[in-house]
>>> print(open('upload00.cif').read())   # mmCIF, C-alpha atoms
data_protein
#
loop_
_atom_site.label_atom_id
_atom_site.label_comp_id
_atom_site.auth_asym_id
_atom_site.auth_seq_id
_atom_site.Cartn_x
_atom_site.Cartn_y
_atom_site.Cartn_z
CA CYS A 30 141.87 132.89 71.03
CA MET A 31 138.70 132.01 69.13
CA ILE A 32 136.43 134.27 71.17
CA GLU A 33 138.85 137.20 70.92
CA MET A 34 139.71 136.32 67.29
CA ASP A 35 143.38 136.47 68.23
CA GLU A 36 145.23 134.82 65.33
CA ASP A 37 148.74 135.40 66.72
CA ARG A 38 147.93 133.77 70.05
CA PHE A 39 146.21 130.83 68.35
CA GLU A 40 149.27 130.41 66.11
CA LYS A 41 151.54 130.22 69.19
CA VAL A 42 149.30 127.68 70.95
CA LEU A 43 149.09 125.46 67.89
CA THR A 44 152.82 125.70 67.10
CA THR A 45 153.72 124.83 70.72
CA ASN A 46 151.55 121.72 70.53
CA ILE A 47 153.00 120.70 67.14
CA ILE A 48 156.53 120.96 68.59
CA LYS A 49 155.52 118.89 71.66
CA LEU A 50 153.21 116.30 70.08
CA GLY A 51 153.89 116.41 66.34
CA PHE A 52 151.38 117.55 63.71
CA GLU A 53 149.25 114.40 63.61
CA ASP A 54 148.77 114.08 67.38
CA THR A 55 148.06 117.81 67.65
CA ILE A 56 145.16 117.39 65.25
CA LEU A 57 143.91 114.19 66.94
CA LYS A 58 144.43 115.11 70.60
CA VAL A 59 144.03 118.90 70.61
CA VAL A 60 142.19 120.12 67.51
CA TYR A 61 139.50 117.39 67.29
CA PRO A 62 138.43 117.72 70.97
CA PHE A 63 138.49 121.51 70.50
CA LEU A 64 136.21 121.23 67.44
CA THR A 65 133.78 119.11 69.48
CA LYS A 66 133.65 121.90 72.10
CA ILE A 67 133.13 124.48 69.35
CA GLY A 68 130.10 122.49 68.14
CA ILE A 69 128.58 122.58 71.63
CA LEU A 70 129.34 126.30 72.06
CA TRP A 71 127.83 127.05 68.65
CA GLN A 72 124.64 125.05 69.41
CA THR A 73 124.16 126.82 72.74
CA GLY A 74 124.71 130.25 71.15
CA SER A 75 127.86 130.91 73.21
CA ILE A 76 129.88 131.75 70.11
CA SER A 77 128.92 133.42 66.84
CA PRO A 78 129.21 131.84 63.39
CA ALA A 79 131.93 134.42 62.63
CA GLN A 80 134.07 133.16 65.55
CA GLU A 81 133.58 129.53 64.47
CA HIS A 82 134.44 130.38 60.83
CA PHE A 83 137.50 132.37 61.94
CA ILE A 84 139.05 129.49 63.90
CA SER A 85 137.97 126.78 61.43
CA ASN A 86 139.68 128.64 58.60
CA LEU A 87 142.92 128.97 60.59
CA ILE A 88 142.89 125.19 61.20
CA ARG A 89 142.04 124.62 57.53
CA GLN A 90 145.05 126.72 56.46
CA LYS A 91 147.37 124.65 58.69
CA LEU A 92 146.07 121.42 57.19
CA ILE A 93 146.52 122.67 53.63
CA VAL A 94 150.14 123.64 54.34
CA ALA A 95 150.76 120.20 55.91
CA ILE A 96 149.19 118.44 52.91
CA ASP A 97 151.36 120.46 50.57
CA GLY A 98 154.44 119.12 52.37
CA GLN A 99 153.52 115.48 51.60
CA VAL A 100 154.71 113.74 48.46
CA GLY A 101 152.54 111.03 46.90
CA ASN A 102 153.97 107.77 45.60
CA SER A 103 153.27 106.67 42.03
CA GLN A 104 153.05 103.09 43.37
CA GLY A 105 150.35 104.04 45.89
CA LYS A 106 146.61 103.57 45.60
CA THR A 107 144.31 106.38 44.43
CA PHE A 108 141.74 107.88 46.79
CA MET A 109 138.99 110.29 45.69
CA LEU A 110 137.91 112.59 48.53
CA PHE A 111 134.75 114.68 48.42
CA LEU A 112 131.88 116.14 50.41
CA PRO A 113 128.25 115.76 49.26
CA GLU A 114 126.32 118.67 47.79
CA GLY A 115 125.49 121.16 50.52
CA GLU A 116 128.19 119.82 52.86
CA LEU A 117 130.81 122.39 53.86
CA HIS A 118 132.50 120.84 56.94
CA GLU A 119 135.89 120.13 55.40
CA ILE A 120 138.40 119.72 58.25
CA SER A 121 138.03 115.93 58.61
CA LEU A 122 138.34 115.51 54.84
CA LEU A 123 141.49 117.66 54.76
CA PHE A 124 143.03 115.68 57.63
CA SER A 125 142.21 112.45 55.79
CA SER A 126 143.95 113.85 52.70
CA TYR A 127 147.02 114.61 54.81
CA LEU A 128 147.10 111.06 56.26
CA ILE A 129 146.56 109.38 52.89
CA LYS A 130 149.38 111.36 51.26
CA LYS A 131 151.64 110.80 54.27
CA HIS A 132 151.18 107.06 53.76
CA GLY A 133 152.32 107.38 50.14
CA HIS A 134 149.02 107.29 48.28
CA LYS A 135 147.55 109.61 45.66
CA VAL A 136 144.61 111.89 46.41
CA ILE A 137 142.07 113.35 44.02
CA TYR A 138 140.63 116.06 46.26
CA LEU A 139 137.25 117.38 45.13
CA GLY A 140 136.42 119.11 48.43
CA GLN A 141 133.18 120.72 49.53
CA ASN A 142 129.76 120.61 47.92
CA THR A 143 130.56 118.14 45.10
CA PRO A 144 127.68 117.45 42.65
CA LYS A 145 126.87 113.80 41.90
CA ALA A 146 127.52 114.26 38.16
CA ASP A 147 131.05 115.51 38.88
CA LEU A 148 131.75 112.56 41.17
CA ILE A 149 130.72 110.10 38.49
CA SER A 150 132.68 111.92 35.78
CA VAL A 151 135.93 112.05 37.81
CA TYR A 152 135.48 108.42 38.92
CA LYS A 153 135.14 107.24 35.31
CA MET A 154 138.18 109.27 34.27
CA HIS A 155 140.58 108.22 37.07
CA LYS A 156 139.17 104.91 38.38
CA PRO A 157 140.24 105.43 42.02
CA GLU A 158 140.35 102.29 44.16
CA TYR A 159 138.96 104.14 47.18
CA LEU A 160 136.49 106.94 47.85
CA LEU A 161 136.06 108.83 51.12
CA THR A 162 133.31 111.20 52.17
CA VAL A 163 132.11 112.85 55.39
CA ILE A 164 128.38 113.51 55.90
CA THR A 165 128.07 115.96 58.80
CA THR A 166 124.99 118.04 57.93
CA SER A 167 124.06 117.31 54.32
CA PRO A 168 122.26 115.30 53.11
CA SER A 169 119.96 114.84 56.09
CA GLY A 170 116.72 113.05 56.99
CA ASP A 171 115.40 110.56 54.45
CA LYS A 172 117.94 111.77 51.84
CA ILE A 173 120.86 110.11 53.71
CA GLN A 174 119.85 106.55 52.80
CA GLU A 175 119.26 107.60 49.19
CA TYR A 176 122.73 109.17 49.01
CA VAL A 177 124.51 106.18 50.59
CA ASP A 178 122.66 103.80 48.23
CA MET A 179 123.75 105.97 45.28
CA LEU A 180 127.40 105.75 46.41
CA GLY A 181 127.16 101.96 46.67
CA LYS A 182 125.59 101.64 43.22
CA GLU A 183 127.56 104.23 41.21
CA PHE A 184 130.94 103.25 42.68
CA ALA A 185 130.48 99.49 42.91
CA GLY A 186 134.03 98.93 41.61
CA ALA A 187 135.63 100.83 44.49
CA GLU A 188 135.69 100.64 48.25
CA VAL A 189 133.85 103.61 49.70
CA PHE A 190 134.55 104.96 53.19
CA VAL A 191 131.80 107.03 54.81
CA THR A 192 131.77 108.83 58.14
CA GLY A 193 130.03 111.80 59.77
CA LEU A 194 127.21 112.52 62.20
CA GLN A 195 124.44 111.79 59.69
CA VAL A 196 125.50 108.15 59.15
CA LEU A 197 126.75 107.12 62.58
CA ASP A 198 123.43 106.79 64.42
CA GLY A 199 122.81 103.27 63.09
CA SER A 200 119.69 104.16 61.08
CA VAL A 201 121.37 103.86 57.67
CA SER A 202 121.63 100.55 55.83
CA ILE A 203 125.15 100.22 54.42
CA PRO A 204 125.79 98.58 50.99
CA SER A 205 128.47 95.87 50.87
CA ASN A 206 131.15 98.01 49.16
CA ILE A 207 130.84 100.77 51.76
CA SER A 208 132.76 100.80 55.04
CA LEU A 209 131.52 102.98 57.88
CA LEU A 210 134.21 104.79 59.87
CA ASN A 211 133.28 105.92 63.38
CA TYR A 212 135.57 108.93 63.00
CA ALA A 213 137.47 110.30 60.01
CA LYS A 214 140.69 109.66 61.94
CA GLU A 215 140.01 105.90 61.57
CA ILE A 216 141.28 106.24 58.01
CA LYS A 217 144.74 105.95 59.60
CA ASN A 218 143.91 102.39 60.76
CA VAL A 219 142.79 101.55 57.21
CA LEU A 220 146.06 102.90 55.78
CA VAL A 221 148.16 100.95 58.29
CA GLN A 222 146.24 97.75 57.46
CA MET A 223 146.83 98.39 53.73
CA GLU A 224 150.58 98.63 54.41
CA VAL A 225 150.55 95.35 56.35
CA LEU A 226 148.69 93.59 53.51
CA THR A 227 151.18 94.79 50.86
CA VAL A 228 154.30 93.76 52.80
#
>>> encode(input="upload00.cif", output="structure tokens")
Amino acid sequence: CMIEMDEDRFEKVLTTNIIKLGFEDTILKVVYPFLTKIGILWQTGSISPAQEHFISNLIRQKLIVAIDGQVGNSQGKTFMLFLPEGELHEISLLFSSYLIKKHGHKVIYLGQNTPKADLISVYKMHKPEYLLTVITTSPSGDKIQEYVDMLGKEFAGAEVFVTGLQVLDGSVSIPSNISLLNYAKEIKNVLVQMEVLTV
């Protein structure tokens, strides 16, 4: 479907899986492994950026519709979700937003390419208890440690969850108020633990 850019066929495949597995398991067991394969195909030049963008945007649309169907709870915690400046890989952040809302919490969704000044401004205004970001491609190199340190310092009053390829290789020193998630889907475990603690 991706290679042929066949939206109708992709829609049928995804809908069939959602009926069989449910939305959440379709994302975890079908879409995530598929995205891993896309990454390999893209790196080897087997698919074009246009094909990758085409399919990623279809998945993104599905996630946005699913998020829209969730109702937050005024008693829930507040999460601020964002991607660093230059970071455009949004699917994991969208899925996290879906899970957080599904578990009855509020989401302030800032999305892709969020400048540091905007993060600080929104944080001061809303005082979210939790922040979540995914660092897949940006920042990179020696800028990663600097960015993670900035998150720890600027948002010392919150718990910050960080995941993504750039921080998972073990080379980044993690401040005490930051929790490293091996995959964005691990946010579900965090949400379940929060529910257990509040019961």
>>> atom_distance(input="upload00.cif", atom1="atom CA of Glu40 of chain A", atom2="atom CA of Thr65 of chain A")
19.5 Å
>>> closest_residue(input="upload00.cif", among="A:Asn142, A:Gln174, A:Thr107, A:Thr192", to="Tyr159 of chain A", atoms="all atoms listed in the file")
A:Thr107
>>> closest_atom_pairs(input="upload00.cif", of="segment 43-63 of chain A", to="segment 127-137 of chain A", cutoff="12 Å", atoms="only C-alpha atoms", output="CSV")
residue,atom,partner,partner_atom,distance
A:Phe52,CA,A:Tyr127,CA,10.3
A:Glu53,CA,A:Leu128,CA,8.4
A:Asp54,CA,A:Leu128,CA,11.6
A:Ile56,CA,A:Tyr127,CA,11.0
A:Leu57,CA,A:Leu128,CA,11.6
>>> closest_residue(input="upload00.cif", among="A:Tyr152, A:Tyr212, A:Phe111, A:Phe63", to="Gly186 of chain A", atoms="only C-alpha atoms")
A:Tyr152
>>> atom_distance(input="upload00.cif", atom1="atom CA of Ser200 of chain A", atom2="atom CA of Ser169 of chain A")
11.8 Å
>>> residues_around(input="upload00.cif", residues="Leu112 of chain A", least_positions_apart="3", cutoff="10 Å", atoms="all atoms listed in the file", output="PyMOL selection string")
chain A and resi 115-119+122+138-144+148+161-165+167
>>> atom_distance(input="upload00.cif", atom1="atom CA of Ala95 of chain A", atom2="atom CA of Gln72 of chain A")
29.8 Å
>>> closest_residue(input="upload00.cif", among="A:Val42, A:Leu194, A:Ile120, A:Met31", to="Thr55 of chain A", atoms="all atoms listed in the file")
A:Val42
>>> residues_near_point(input="upload00.cif", point="(146.3, 102.7, 43.3)", cutoff="7 Å", atoms="all atoms listed in the file", output="JSON, numbers by chain")
{"A": [104, 105, 106, 107, 157, 158]}
>>> residues_around(input="upload00.cif", residues="Val94 of chain A", least_positions_apart="5", cutoff="12 Å", atoms="all atoms listed in the file", output="list in words")
Phe52, Leu87, Ile88, Arg89, Gln99, Leu123, Phe124, Ser126 and Tyr127 of chain A
>>> closest_residue(input="upload00.cif", among="A:Val201, A:Leu92, A:Ala185, A:Val219", to="Gly170 of chain A", atoms="all atoms listed in the file")
A:Val201
>>> closest_residue(input="upload00.cif", among="A:Ile84, A:Ser202, A:Ser125, A:Ile76", to="Arg38 of chain A", atoms="all atoms listed in the file")
A:Ile84
>>> residues_around(input="upload00.cif", residues="Ser208 of chain A", least_positions_apart="3", cutoff="12 Å", atoms="only C-alpha atoms", output="MDAnalysis selection string")
chainID A and resid 159:162 177 180:181 187:192 196:197 202:205 211:213 215:216 219
>>> closest_residue(input="upload00.cif", among="A:Asn218, A:Thr73, A:Thr44, A:Thr166", to="Gln195 of chain A", atoms="all atoms listed in the file")
A:Thr166
>>> build_atoms(input="upload00.cif", residues="segment 170-181 of chain A", atoms="all heavy atoms", output="PDB file, in the coordinates of the input")
ATOM      1  N   GLY A 170     118.045 113.681  57.003  1.00  0.00           N
ATOM      2  CA  GLY A 170     116.720 113.050  56.990  1.00  0.00           C
ATOM      3  C   GLY A 170     116.672 111.837  56.076  1.00  0.00           C
ATOM      4  O   GLY A 170     117.600 111.024  56.041  1.00  0.00           O
ATOM      5  N   ASP A 171     115.585 111.734  55.308  1.00  0.00           N
ATOM      6  CA  ASP A 171     115.400 110.560  54.450  1.00  0.00           C
ATOM      7  C   ASP A 171     116.321 110.571  53.231  1.00  0.00           C
ATOM      8  O   ASP A 171     116.421 109.595  52.496  1.00  0.00           O
ATOM      9  CB  ASP A 171     113.933 110.437  54.021  1.00  0.00           C
ATOM     10  CG  ASP A 171     113.423 111.672  53.287  1.00  0.00           C
ATOM     11  OD1 ASP A 171     114.157 112.675  53.223  1.00  0.00           O
ATOM     12  OD2 ASP A 171     112.280 111.627  52.784  1.00  0.00           O
ATOM     13  N   LYS A 172     117.023 111.662  52.988  1.00  0.00           N
ATOM     14  CA  LYS A 172     117.940 111.770  51.840  1.00  0.00           C
ATOM     15  C   LYS A 172     119.271 111.044  52.103  1.00  0.00           C
ATOM     16  O   LYS A 172     120.010 110.737  51.170  1.00  0.00           O
ATOM     17  CB  LYS A 172     118.247 113.247  51.523  1.00  0.00           C
ATOM     18  CG  LYS A 172     117.032 114.057  51.135  1.00  0.00           C
ATOM     19  CD  LYS A 172     116.623 113.739  49.725  1.00  0.00           C
ATOM     20  CE  LYS A 172     115.463 114.617  49.281  1.00  0.00           C
ATOM     21  NZ  LYS A 172     114.833 114.131  48.076  1.00  0.00           N
ATOM     22  N   ILE A 173     119.581 110.756  53.372  1.00  0.00           N
ATOM     23  CA  ILE A 173     120.860 110.110  53.710  1.00  0.00           C
ATOM     24  C   ILE A 173     120.918 108.716  53.096  1.00  0.00           C
ATOM     25  O   ILE A 173     121.889 108.375  52.420  1.00  0.00           O
ATOM     26  CB  ILE A 173     121.069 110.013  55.236  1.00  0.00           C
ATOM     27  CG1 ILE A 173     121.022 111.392  55.876  1.00  0.00           C
ATOM     28  CG2 ILE A 173     122.409 109.360  55.547  1.00  0.00           C
ATOM     29  CD1 ILE A 173     120.889 111.361  57.372  1.00  0.00           C
ATOM     30  N   GLN A 174     119.866 107.913  53.320  1.00  0.00           N
ATOM     31  CA  GLN A 174     119.850 106.550  52.800  1.00  0.00           C
ATOM     32  C   GLN A 174     119.951 106.551  51.272  1.00  0.00           C
ATOM     33  O   GLN A 174     120.694 105.774  50.684  1.00  0.00           O
ATOM     34  CB  GLN A 174     118.571 105.809  53.231  1.00  0.00           C
ATOM     35  CG  GLN A 174     118.556 104.339  52.838  1.00  0.00           C
ATOM     36  CD  GLN A 174     119.630 103.531  53.560  1.00  0.00           C
ATOM     37  OE1 GLN A 174     119.650 103.468  54.774  1.00  0.00           O
ATOM     38  NE2 GLN A 174     120.552 102.932  52.799  1.00  0.00           N
ATOM     39  N   GLU A 175     119.237 107.467  50.654  1.00  0.00           N
ATOM     40  CA  GLU A 175     119.260 107.600  49.190  1.00  0.00           C
ATOM     41  C   GLU A 175     120.685 107.901  48.701  1.00  0.00           C
ATOM     42  O   GLU A 175     121.149 107.322  47.717  1.00  0.00           O
ATOM     43  CB  GLU A 175     118.302 108.738  48.815  1.00  0.00           C
ATOM     44  CG  GLU A 175     118.040 108.915  47.348  1.00  0.00           C
ATOM     45  CD  GLU A 175     117.104 110.110  47.112  1.00  0.00           C
ATOM     46  OE1 GLU A 175     116.059 110.215  47.794  1.00  0.00           O
ATOM     47  OE2 GLU A 175     117.439 110.932  46.249  1.00  0.00           O
ATOM     48  N   TYR A 176     121.375 108.784  49.415  1.00  0.00           N
ATOM     49  CA  TYR A 176     122.730 109.170  49.010  1.00  0.00           C
ATOM     50  C   TYR A 176     123.711 108.005  49.188  1.00  0.00           C
ATOM     51  O   TYR A 176     124.515 107.715  48.303  1.00  0.00           O
ATOM     52  CB  TYR A 176     123.190 110.380  49.827  1.00  0.00           C
ATOM     53  CG  TYR A 176     124.476 110.985  49.302  1.00  0.00           C
ATOM     54  CD1 TYR A 176     124.472 111.785  48.170  1.00  0.00           C
ATOM     55  CD2 TYR A 176     125.692 110.728  49.922  1.00  0.00           C
ATOM     56  CE1 TYR A 176     125.649 112.324  47.667  1.00  0.00           C
ATOM     57  CE2 TYR A 176     126.876 111.262  49.423  1.00  0.00           C
ATOM     58  CZ  TYR A 176     126.850 112.070  48.298  1.00  0.00           C
ATOM     59  OH  TYR A 176     128.011 112.596  47.794  1.00  0.00           O
ATOM     60  N   VAL A 177     123.622 107.316  50.324  1.00  0.00           N
ATOM     61  CA  VAL A 177     124.510 106.180  50.590  1.00  0.00           C
ATOM     62  C   VAL A 177     124.258 105.062  49.573  1.00  0.00           C
ATOM     63  O   VAL A 177     125.202 104.461  49.057  1.00  0.00           O
ATOM     64  CB  VAL A 177     124.330 105.680  52.051  1.00  0.00           C
ATOM     65  CG1 VAL A 177     125.042 104.356  52.279  1.00  0.00           C
ATOM     66  CG2 VAL A 177     124.839 106.733  53.033  1.00  0.00           C
ATOM     67  N   ASP A 178     122.991 104.808  49.245  1.00  0.00           N
ATOM     68  CA  ASP A 178     122.660 103.800  48.230  1.00  0.00           C
ATOM     69  C   ASP A 178     123.256 104.184  46.872  1.00  0.00           C
ATOM     70  O   ASP A 178     123.770 103.334  46.143  1.00  0.00           O
ATOM     71  CB  ASP A 178     121.141 103.626  48.102  1.00  0.00           C
ATOM     72  CG  ASP A 178     120.533 102.922  49.308  1.00  0.00           C
ATOM     73  OD1 ASP A 178     121.291 102.290  50.082  1.00  0.00           O
ATOM     74  OD2 ASP A 178     119.299 103.019  49.491  1.00  0.00           O
ATOM     75  N   MET A 179     123.183 105.480  46.536  1.00  0.00           N
ATOM     76  CA  MET A 179     123.750 105.970  45.280  1.00  0.00           C
ATOM     77  C   MET A 179     125.258 105.725  45.242  1.00  0.00           C
ATOM     78  O   MET A 179     125.806 105.253  44.237  1.00  0.00           O
ATOM     79  CB  MET A 179     123.450 107.469  45.118  1.00  0.00           C
ATOM     80  CG  MET A 179     124.024 108.103  43.845  1.00  0.00           C
ATOM     81  SD  MET A 179     125.785 108.606  43.909  1.00  0.00           S
ATOM     82  CE  MET A 179     125.758 109.931  45.109  1.00  0.00           C
ATOM     83  N   LEU A 180     125.952 105.981  46.358  1.00  0.00           N
ATOM     84  CA  LEU A 180     127.400 105.750  46.410  1.00  0.00           C
ATOM     85  C   LEU A 180     127.716 104.275  46.181  1.00  0.00           C
ATOM     86  O   LEU A 180     128.636 103.937  45.431  1.00  0.00           O
ATOM     87  CB  LEU A 180     127.964 106.194  47.770  1.00  0.00           C
ATOM     88  CG  LEU A 180     127.941 107.689  48.096  1.00  0.00           C
ATOM     89  CD1 LEU A 180     128.463 107.925  49.509  1.00  0.00           C
ATOM     90  CD2 LEU A 180     128.744 108.489  47.092  1.00  0.00           C
ATOM     91  N   GLY A 181     126.934 103.403  46.822  1.00  0.00           N
ATOM     92  CA  GLY A 181     127.160 101.960  46.670  1.00  0.00           C
ATOM     93  C   GLY A 181     126.948 101.499  45.238  1.00  0.00           C
ATOM     94  O   GLY A 181     127.702 100.674  44.718  1.00  0.00           O
TER      95      GLY A 181
END
